[in-house]
Amino acid sequence: GTGKELVWECLALFADDKLFQAARLEKKILEHHPETHKAYAEKLQDVTRRLEEVQKMCVDLDGDEGWTCVREGSHEGDVRVWYRPEEDSPIHALRCEAVLDAPLEYLLVLINEVTLFKEWLPFFGGSELLARPSRCERVAWWK
């Protein structure tokens with residue numbers, strides 16, 4: 001397609017939470033249609049920015065640097081929990097780890113049920129879903 005058609009396809013993928021597909025297409029636009037990329041740089045920068053955030057998150061979750069372990073599982077199947085204050089923010093990031101013998105779909109459903117966190121994370125006093133910025137993002141409050 002033309003550069004402009006590829007831009008609109010890229011932005012549609014991004015809006016549909018298909019970040020990696022959008023990022024591959026953004027790179028293709030940059031390589032094969034640099035003038036079109038330059039003309040739509042402001043719109044396309046959201047794709048690049050989000051990809052960088054996700055890549056940083058993957059690196060963060062792969063290591064323990066900056067994380068404080070607040071619950072170490074003592075038995076098989078126990079949940080391990082870490083937290084980390086976010087830079088220049090009153091918000092803390094939460095990271096949980098456990099080995100579950102369940103299909104991935106069940107886990108994804110469980111993670112989306114924010115108000116039920118206290119049922120499987122007994123040290124939570126409560127939780128509430130505050131916002132759904134996109135199909136794959138949640139903003140929640142925990143106590």
# chains A, B, ... in the order shown; residues from 1 in each chain; ligands from 1
>>> residues_around(residues="A:Val79", least_positions_apart="5", cutoff="12 Å", atoms="only C-alpha atoms", output="number ranges by chain")
A: 69-74, 95-100, 120-123
>>> write_last_selection(atoms="N, CA, C and O atoms", output="mmCIF file, in the first residue's frame")
data_model
loop_
_atom_site.group_PDB
_atom_site.id
_atom_site.type_symbol
_atom_site.label_atom_id
_atom_site.label_comp_id
_atom_site.auth_asym_id
_atom_site.auth_seq_id
_atom_site.Cartn_x
_atom_site.Cartn_y
_atom_site.Cartn_z
ATOM 1 N N CYS A 69 10.791 -7.472 47.970
ATOM 2 C CA CYS A 69 9.946 -8.647 48.175
ATOM 3 C C CYS A 69 9.228 -8.493 49.513
ATOM 4 O O CYS A 69 9.867 -8.297 50.552
ATOM 5 N N VAL A 70 7.906 -8.530 49.501
ATOM 6 C CA VAL A 70 7.122 -8.380 50.726
ATOM 7 C C VAL A 70 6.439 -9.681 51.142
ATOM 8 O O VAL A 70 5.904 -9.780 52.238
ATOM 9 N N ARG A 71 6.461 -10.655 50.263
ATOM 10 C CA ARG A 71 5.895 -11.964 50.620
ATOM 11 C C ARG A 71 6.611 -13.034 49.819
ATOM 12 O O ARG A 71 6.543 -13.075 48.609
ATOM 13 N N GLU A 72 7.306 -13.874 50.546
ATOM 14 C CA GLU A 72 8.048 -14.974 49.939
ATOM 15 C C GLU A 72 7.236 -16.245 50.157
ATOM 16 O O GLU A 72 6.929 -16.595 51.281
ATOM 17 N N GLY A 73 6.855 -16.910 49.090
ATOM 18 C CA GLY A 73 6.089 -18.154 49.229
ATOM 19 C C GLY A 73 6.911 -19.230 49.911
ATOM 20 O O GLY A 73 8.065 -19.435 49.579
ATOM 21 N N SER A 74 6.312 -19.913 50.883
ATOM 22 C CA SER A 74 7.029 -20.968 51.592
ATOM 23 C C SER A 74 6.631 -22.358 51.126
ATOM 24 O O SER A 74 7.285 -23.334 51.439
ATOM 25 N N ARG A 95 4.163 -6.589 41.688
ATOM 26 C CA ARG A 95 4.562 -7.741 40.879
ATOM 27 C C ARG A 95 4.294 -9.003 41.686
ATOM 28 O O ARG A 95 4.729 -9.126 42.824
ATOM 29 N N CYS A 96 3.552 -9.921 41.112
ATOM 30 C CA CYS A 96 3.233 -11.192 41.769
ATOM 31 C C CYS A 96 3.758 -12.331 40.914
ATOM 32 O O CYS A 96 3.745 -12.249 39.692
ATOM 33 N N GLU A 97 4.170 -13.401 41.590
ATOM 34 C CA GLU A 97 4.676 -14.565 40.875
ATOM 35 C C GLU A 97 4.160 -15.830 41.550
ATOM 36 O O GLU A 97 4.187 -15.949 42.767
ATOM 37 N N ALA A 98 3.683 -16.752 40.760
ATOM 38 C CA ALA A 98 3.249 -18.057 41.251
ATOM 39 C C ALA A 98 3.227 -19.028 40.077
ATOM 40 O O ALA A 98 3.086 -18.611 38.926
ATOM 41 N N VAL A 99 3.373 -20.285 40.378
ATOM 42 C CA VAL A 99 3.237 -21.313 39.358
ATOM 43 C C VAL A 99 1.809 -21.821 39.436
ATOM 44 O O VAL A 99 1.346 -22.248 40.496
ATOM 45 N N LEU A 100 1.098 -21.721 38.332
ATOM 46 C CA LEU A 100 -0.297 -22.131 38.299
ATOM 47 C C LEU A 100 -0.488 -23.226 37.262
ATOM 48 O O LEU A 100 0.004 -23.115 36.140
ATOM 49 N N TRP A 120 -7.877 -14.284 46.126
ATOM 50 C CA TRP A 120 -6.708 -15.114 45.875
ATOM 51 C C TRP A 120 -5.406 -14.477 46.340
ATOM 52 O O TRP A 120 -4.347 -15.094 46.287
ATOM 53 N N LEU A 121 -5.490 -13.240 46.805
ATOM 54 C CA LEU A 121 -4.364 -12.558 47.455
ATOM 55 C C LEU A 121 -4.871 -12.107 48.826
ATOM 56 O O LEU A 121 -5.309 -10.967 48.995
ATOM 57 N N PRO A 122 -4.876 -13.006 49.813
ATOM 58 C CA PRO A 122 -5.539 -12.744 51.089
ATOM 59 C C PRO A 122 -4.983 -11.550 51.873
ATOM 60 O O PRO A 122 -5.673 -11.029 52.744
ATOM 61 N N PHE A 123 -3.784 -11.093 51.556
ATOM 62 C CA PHE A 123 -3.211 -9.950 52.262
ATOM 63 C C PHE A 123 -3.732 -8.624 51.705
ATOM 64 O O PHE A 123 -3.424 -7.567 52.231
#
>>> select_by_dssp(residues="stretch 30-90 of chain A", states="alpha helix (DSSP H)", output="number ranges by chain")
A: 30-32, 34-39, 41-62
>>> write_last_selection(atoms="C-alpha atoms", output="PDB file, in the first residue's frame")
ATOM      1  CA  LEU A  30      10.031   4.561   8.303  1.00  0.00           C
ATOM      2  CA  GLU A  31      12.205   2.383   6.037  1.00  0.00           C
ATOM      3  CA  HIS A  32      10.103   2.470   2.852  1.00  0.00           C
ATOM      4  CA  PRO A  34      10.389   8.161   5.115  1.00  0.00           C
ATOM      5  CA  GLU A  35       8.606  11.304   3.900  1.00  0.00           C
ATOM      6  CA  THR A  36       5.200   9.925   4.881  1.00  0.00           C
ATOM      7  CA  HIS A  37       6.645   8.851   8.238  1.00  0.00           C
ATOM      8  CA  LYS A  38       7.960  12.374   8.777  1.00  0.00           C
ATOM      9  CA  ALA A  39       4.573  13.889   7.881  1.00  0.00           C
ATOM     10  CA  ALA A  41       5.593  11.487  12.986  1.00  0.00           C
ATOM     11  CA  GLU A  42       3.488  13.033  15.736  1.00  0.00           C
ATOM     12  CA  LYS A  43       0.779  10.367  15.380  1.00  0.00           C
ATOM     13  CA  LEU A  44       3.275   7.510  14.958  1.00  0.00           C
ATOM     14  CA  GLN A  45       5.343   8.491  17.996  1.00  0.00           C
ATOM     15  CA  ASP A  46       2.632   7.034  20.281  1.00  0.00           C
ATOM     16  CA  VAL A  47       3.374   3.593  18.813  1.00  0.00           C
ATOM     17  CA  THR A  48       7.111   3.999  19.392  1.00  0.00           C
ATOM     18  CA  ARG A  49       6.632   5.401  22.901  1.00  0.00           C
ATOM     19  CA  ARG A  50       4.314   2.559  23.944  1.00  0.00           C
ATOM     20  CA  LEU A  51       6.667  -0.071  22.489  1.00  0.00           C
ATOM     21  CA  GLU A  52       9.536   1.405  24.534  1.00  0.00           C
ATOM     22  CA  GLU A  53       7.349   1.279  27.681  1.00  0.00           C
ATOM     23  CA  VAL A  54       6.479  -2.382  27.087  1.00  0.00           C
ATOM     24  CA  GLN A  55      10.102  -3.306  26.384  1.00  0.00           C
ATOM     25  CA  LYS A  56      11.168  -1.527  29.603  1.00  0.00           C
ATOM     26  CA  MET A  57       8.444  -3.352  31.522  1.00  0.00           C
ATOM     27  CA  CYS A  58       9.691  -6.709  30.211  1.00  0.00           C
ATOM     28  CA  VAL A  59      13.232  -5.887  31.359  1.00  0.00           C
ATOM     29  CA  ASP A  60      11.894  -4.711  34.755  1.00  0.00           C
ATOM     30  CA  LEU A  61       9.910  -7.891  35.299  1.00  0.00           C
ATOM     31  CA  ASP A  62      12.856 -10.079  34.349  1.00  0.00           C
TER      32      ASP A  62
END
>>> residues_around(residues="A:Glu128", least_positions_apart="4", cutoff="9 Å", atoms="only C-alpha atoms", output="JSON, numbers by chain")
{"A": [114, 115, 116, 139, 140, 141, 142]}
>>> write_last_selection(atoms="all heavy atoms", output="compact mmCIF listing (two decimals), in the first residue's frame")
# COMPACT_ATOMS: atom_id res chain seq x y z
N VAL A 114 -10.35 -7.43 38.94
CA VAL A 114 -9.65 -6.65 39.97
C VAL A 114 -10.36 -6.71 41.31
O VAL A 114 -9.73 -6.84 42.36
CB VAL A 114 -9.47 -5.19 39.51
CG1 VAL A 114 -8.95 -4.31 40.62
CG2 VAL A 114 -8.56 -5.13 38.29
N THR A 115 -11.68 -6.64 41.32
CA THR A 115 -12.42 -6.61 42.59
C THR A 115 -12.35 -7.94 43.34
O THR A 115 -12.70 -8.00 44.52
CB THR A 115 -13.89 -6.22 42.37
OG1 THR A 115 -14.48 -7.15 41.46
CG2 THR A 115 -14.00 -4.81 41.82
N LEU A 116 -11.90 -9.00 42.69
CA LEU A 116 -11.79 -10.31 43.34
C LEU A 116 -10.36 -10.62 43.81
O LEU A 116 -10.11 -11.72 44.30
CB LEU A 116 -12.27 -11.41 42.39
CG LEU A 116 -13.73 -11.34 41.97
CD1 LEU A 116 -14.06 -12.43 40.97
CD2 LEU A 116 -14.65 -11.43 43.18
N VAL A 139 -6.33 0.35 35.38
CA VAL A 139 -5.84 1.18 36.48
C VAL A 139 -6.67 0.76 37.69
O VAL A 139 -7.90 0.80 37.66
CB VAL A 139 -6.02 2.68 36.21
CG1 VAL A 139 -5.57 3.51 37.41
CG2 VAL A 139 -5.26 3.09 34.95
N ALA A 140 -5.98 0.30 38.73
CA ALA A 140 -6.69 -0.23 39.89
C ALA A 140 -6.13 0.37 41.18
O ALA A 140 -5.00 0.85 41.23
CB ALA A 140 -6.57 -1.75 39.93
N TRP A 141 -6.94 0.28 42.22
CA TRP A 141 -6.54 0.69 43.57
C TRP A 141 -6.58 -0.55 44.45
O TRP A 141 -7.50 -1.36 44.34
CB TRP A 141 -7.53 1.74 44.09
CG TRP A 141 -7.39 2.00 45.56
CD1 TRP A 141 -6.56 2.87 46.15
CD2 TRP A 141 -8.13 1.37 46.61
NE1 TRP A 141 -6.72 2.83 47.50
CE2 TRP A 141 -7.68 1.90 47.81
CE3 TRP A 141 -9.11 0.37 46.63
CZ2 TRP A 141 -8.19 1.50 49.03
CZ3 TRP A 141 -9.61 -0.02 47.84
CH2 TRP A 141 -9.16 0.54 49.03
N TRP A 142 -5.52 -0.73 45.26
CA TRP A 142 -5.48 -1.85 46.21
C TRP A 142 -5.19 -1.32 47.60
O TRP A 142 -4.50 -0.33 47.78
CB TRP A 142 -4.36 -2.82 45.86
CG TRP A 142 -4.54 -3.54 44.59
CD1 TRP A 142 -5.47 -4.47 44.31
CD2 TRP A 142 -3.77 -3.38 43.40
NE1 TRP A 142 -5.34 -4.92 43.02
CE2 TRP A 142 -4.28 -4.26 42.44
CE3 TRP A 142 -2.68 -2.58 43.04
CZ2 TRP A 142 -3.76 -4.37 41.18
CZ3 TRP A 142 -2.17 -2.69 41.79
CH2 TRP A 142 -2.70 -3.58 40.85
>>> residues_around(residues="stretch 8-10 of chain A", least_positions_apart="2", cutoff="12 Å", atoms="only C-alpha atoms", output="count of residues only")
34
>>> atom_distance(atom1="atom CA of A:Gly125", atom2="atom CA of A:Lys143")
5.0 Å
>>> select_by_dssp(residues="stretch 26-92 of chain A", states="strand (DSSP E)", output="count of residues only")
11
